[in-house]
Structures are given as C-alpha cells and as structure tokens.
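Working notes, structure below.
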Amino acid sequence: MSEHDLVLKGIKIFRQGGWNTFDLAVMGRNISRIAPAGSEKLEAKKILDFSGRYASPGWIDLHTHLLPLRYGGIGTHAEKIGLKTGVTALLEVGTVGADTFDKFYEKVLSKSATPIYCLLNIKRRGIRFWKVGRDEPGEDNIGAMEAVLKKYPAIIKGIKITASKEHMLSKDPLYYLRRAREAGDRLKLPLMVHIGQTPPSLTDLLPLLKAGDILTHCFRNGDHTILNPAGKIRQDVLEAKARGVRFDIGHGVKSFSFPVTEKALAQGFLDFTISSDLYMFSTPYRAKNFAHVLSKFLAVGMKLEEVMLRCSTKAAPVLGLERELAEGKPATVTVFRLESGSFRFSDCWNQERPGTQRIIPEAVLLEGRLHLSA
Ligand SMILES: [Zn+2]
C-alpha cells in the first residue's frame, strides 16, 4: 500500500541554510513529507527522479495582462505564460474593468488551467488597445465595481490604476487616483498603482498609498524614479515602505532598469516582489517570460533563494495564498533547473548585464497535480 501519492526524489530545496537535496512527498493536495534524500524509504504510487533539479514554492506572477487583443485588450494568452512556464498563479492587473469583467471571465478566466486572480481597473473598460484613454471623464463607477466584487469575491483582489499621463485627465491628472483611493477604501481592497509618465508624479501619488497597496514598476527609469537626483532612495519612498506599501517590479517593455535596480539593492531596498508585466508587446520582446525576468536578478548578483522568495512566498499574501515548502502546506511547487553558460540580459533602456546562469522551468505541482513545462 502506498504511503504517499507522489515522491519527487533528490530535489534541491533551500532548507537548513542551503540548497540541500531532499525527497519531497505529496499526498492529496498537500506536502506530506520532506526528508533528506535517501534517508527514508518513501512509498508512493508514483516516484519521479528529479536529481539536479530545484524546487521553489510555486511561482506567482503579480503583474500580467490577460485579455487579448481580439477581445479589445492588450493581453497575452494565459495559456502561454502560466503552468507551462512554471507559474502557478497569475494576477491580471487592470486590463479589465467593471464593464468588461464578465467577458474576461467567460473567455479567459473560466477556461484557464492556471489560477487567475484580478485587479479591476478604476476605469470601467480597463486598458484598451484601440484607445489609450486620455481625457475620458466618467470612466469611474465604484458602484459597478462593487457589483463585480460581490459576484466574484474570490477572484477580485484589488484595484488597478495606470497613473500615467496618457491615461489621466489633462485638466485634473490626480482625479482617477483620488477615485481609486475612494474605491479602495469603500470596497476594502488594496490599490496597485502603475507609475509612468508624469503627471502624476511620485510626489503626488505616494501620499495616497496605504499599507497593503502596491506600487508597480518600482525599478523603472525615466522622468521619475524611486531614486532622488543623488541616486539615493527617496525619503517619501522609504516612508511609504515603512507604513506597509508594497513594491513590485512589473518588468514590461519600459519599466525595468538595471542601474536603478542595482542602486536600490546596494542601499538595502530589498522588500519587493518580482513580476513580469507580460502583455502583447513584452512577451516576444524584453520581458520574454517569467523565468527570464527572474534570471535578470541573478545577473545583478541576487542569490537564487532570494529571487525565489520574491516570486513566491512574498507574493502569496497579496492573493491570500500560501507558498511554502513545508509538511502540511499545499503542494504547489515550481521545479526548475539552472543552465550555466555565458548570457547577456538587457533591461528596457538597452543596458546589458552578463550572466552565467539561467533559470529554466521544468514542471509545476499545483496542489499536488503535476504539470510538465513546455
Ligand atoms: Zn502592466
């Protein structure tokens, strides 16, 4: 009789101070045993040899766009950037608003093998490809957002606002930000604020952010960054962090800078989550895929276990999920290998960094069910 459903033999897990080798057993949806490799005879219906492979708590990508162009959005296909690429949960951020959520649910979310969660755009029709959305008054409808939240409470995890000039009202660039704040307070949901072209500037928007809110594109470069002209982390950014505002990468096409990242890391600014901002343009282009974005953090000198923490355990509370490799916890795991070689990584301003390792996903366990990567 089998004691466990599945055993992954000889897999490296960051435990006991290093990447040590373990046998990881699964029973039903949960991790049933983690034992030093070969130290116990673990019986199971299925035993797979994962020697040389690494296990991370299941990856979560907190910044993606999943409503494709054919439905009016700017998204990529959930299918292509989910389980097949090691990602065990996707957060769709603001491509969809209260008026377009039902369509998104029907066409994308309900068909996805990868669990999808959603931040509703403060604008009723979300981010649309055909119309950027400047100077569209009356796009906010908090009552309509409330109705969507009531219908899908397990899916809607917050509110997204693209706080960039081209999405704001020219006469009152802070209008939609104030409305997002109002919606967040009324619906008891966190905000995710995209920073882009000013106005609004960080000076305008940081005071509106509270504990649990997320500032995405935190290591962008351009007309405003989290650094002051002297290259130090801005005081108001440090204050926001101290009061519990979360910071998120959101790599995308124009939102990730190696120099900003390196300066932030050097100053001990380490409290952030790593996300891809994959959408129709970033998928074939700069961000490529989630593992590629993660590998860039190895290239700037971050340790593998620190990178893994920022795309799993640290991201999980935003969605109310658990990501921890421990007995009794959900068996949601990303299995990957490290490829050695001579690689060049680029940011969004054509800055390159050499790297010697690349993260390649091989499989995921989603609550105990095994899916192999493409
Ligand atoms: Zn985005």
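Here, A, B, ... name the chains of the structure tokens in the order displayed, residue numbers run from 1 inside each chain, and ligands are numbered from 1 in the same displayed order.
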
>> List as a PyMOL selection string the protein and nucleic acid residues lying within 7 Å of ligand 1, with only C-alpha atoms and all ligand atoms counted.
In response: chain A and resi 63-65+93+250+252+277

Those selected residues, please, written with C-alpha atoms and delivered as a compact mmCIF listing (two decimals), in the first residue's frame.
# COMPACT_ATOMS: atom_id res chain seq x y z
CA HIS A 63 1.62 41.68 -12.89
CA THR A 64 0.18 40.30 -16.14
CA HIS A 65 -2.34 41.31 -18.79
CA VAL A 93 -3.90 43.81 -13.46
CA GLY A 250 6.38 44.82 -13.32
CA GLY A 252 7.24 45.01 -19.12
CA ASP A 277 4.16 42.68 -16.80

> Near segment 231-246 of chain A, within 9 Å and counting only C-alpha atoms, which residues show up once chain neighbours fewer than 5 positions away are dropped, as JSON, numbers by chain?
Replying inline: {"A": [202, 203, 206, 207, 209, 210, 211, 212, 213, 214, 215, 216, 225, 226, 260, 263, 264, 267, 269, 271, 272, 273]}

> Glu322 of chain A: which residues within 9 Å, counting only C-alpha atoms, same-chain residues fewer than 3 positions away excluded, as a count of residues only?
Replying inline: 9

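Between Glu92 of chain A and the residues A:Lys160, A:Lys123, A:Arg53, A:Arg337, the shortest atom-to-atom distance, using only C-alpha atoms, involves A:Lys160.
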
>> Could you pull out the strand (DSSP E) residues of segment 167-340 of chain A, going by DSSP on the backbone, and write them as a ChimeraX atom specification?
In response: /A:191-195,214-216,246-248,333-340

Which neighbours of Gly341 of chain A fall inside 10 Å, counting only C-alpha atoms, when residues of the same chain fewer than 5 positions from it are skipped, and could you give them as a compact mmCIF listing (two decimals) with N, CA, C and O atoms, in the first residue's frame?
# COMPACT_ATOMS: atom_id res chain seq x y z
N GLY A 355 25.51 37.38 -17.60
CA GLY A 355 25.07 36.44 -16.57
C GLY A 355 25.64 35.06 -16.88
O GLY A 355 25.95 34.75 -18.03
N THR A 356 25.78 34.24 -15.84
CA THR A 356 26.33 32.90 -16.05
C THR A 356 25.30 31.82 -15.80
O THR A 356 25.57 30.64 -15.97
N GLN A 357 24.11 32.24 -15.38
CA GLN A 357 23.08 31.24 -15.09
C GLN A 357 21.73 31.69 -15.60
O GLN A 357 21.42 32.89 -15.60
N ARG A 358 20.94 30.71 -16.03
CA ARG A 358 19.60 30.99 -16.50
C ARG A 358 18.64 29.99 -15.84
O ARG A 358 18.98 28.81 -15.72

> Could you state the separation of atom CA of Gly158 of chain A and atom CA of Val193 of chain A in Å, given to one decimal place?
Replying inline: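 Straight-line distance from atom CA of Gly158 of chain A to atom CA of Val193 of chain A works out to 10.6 Å.
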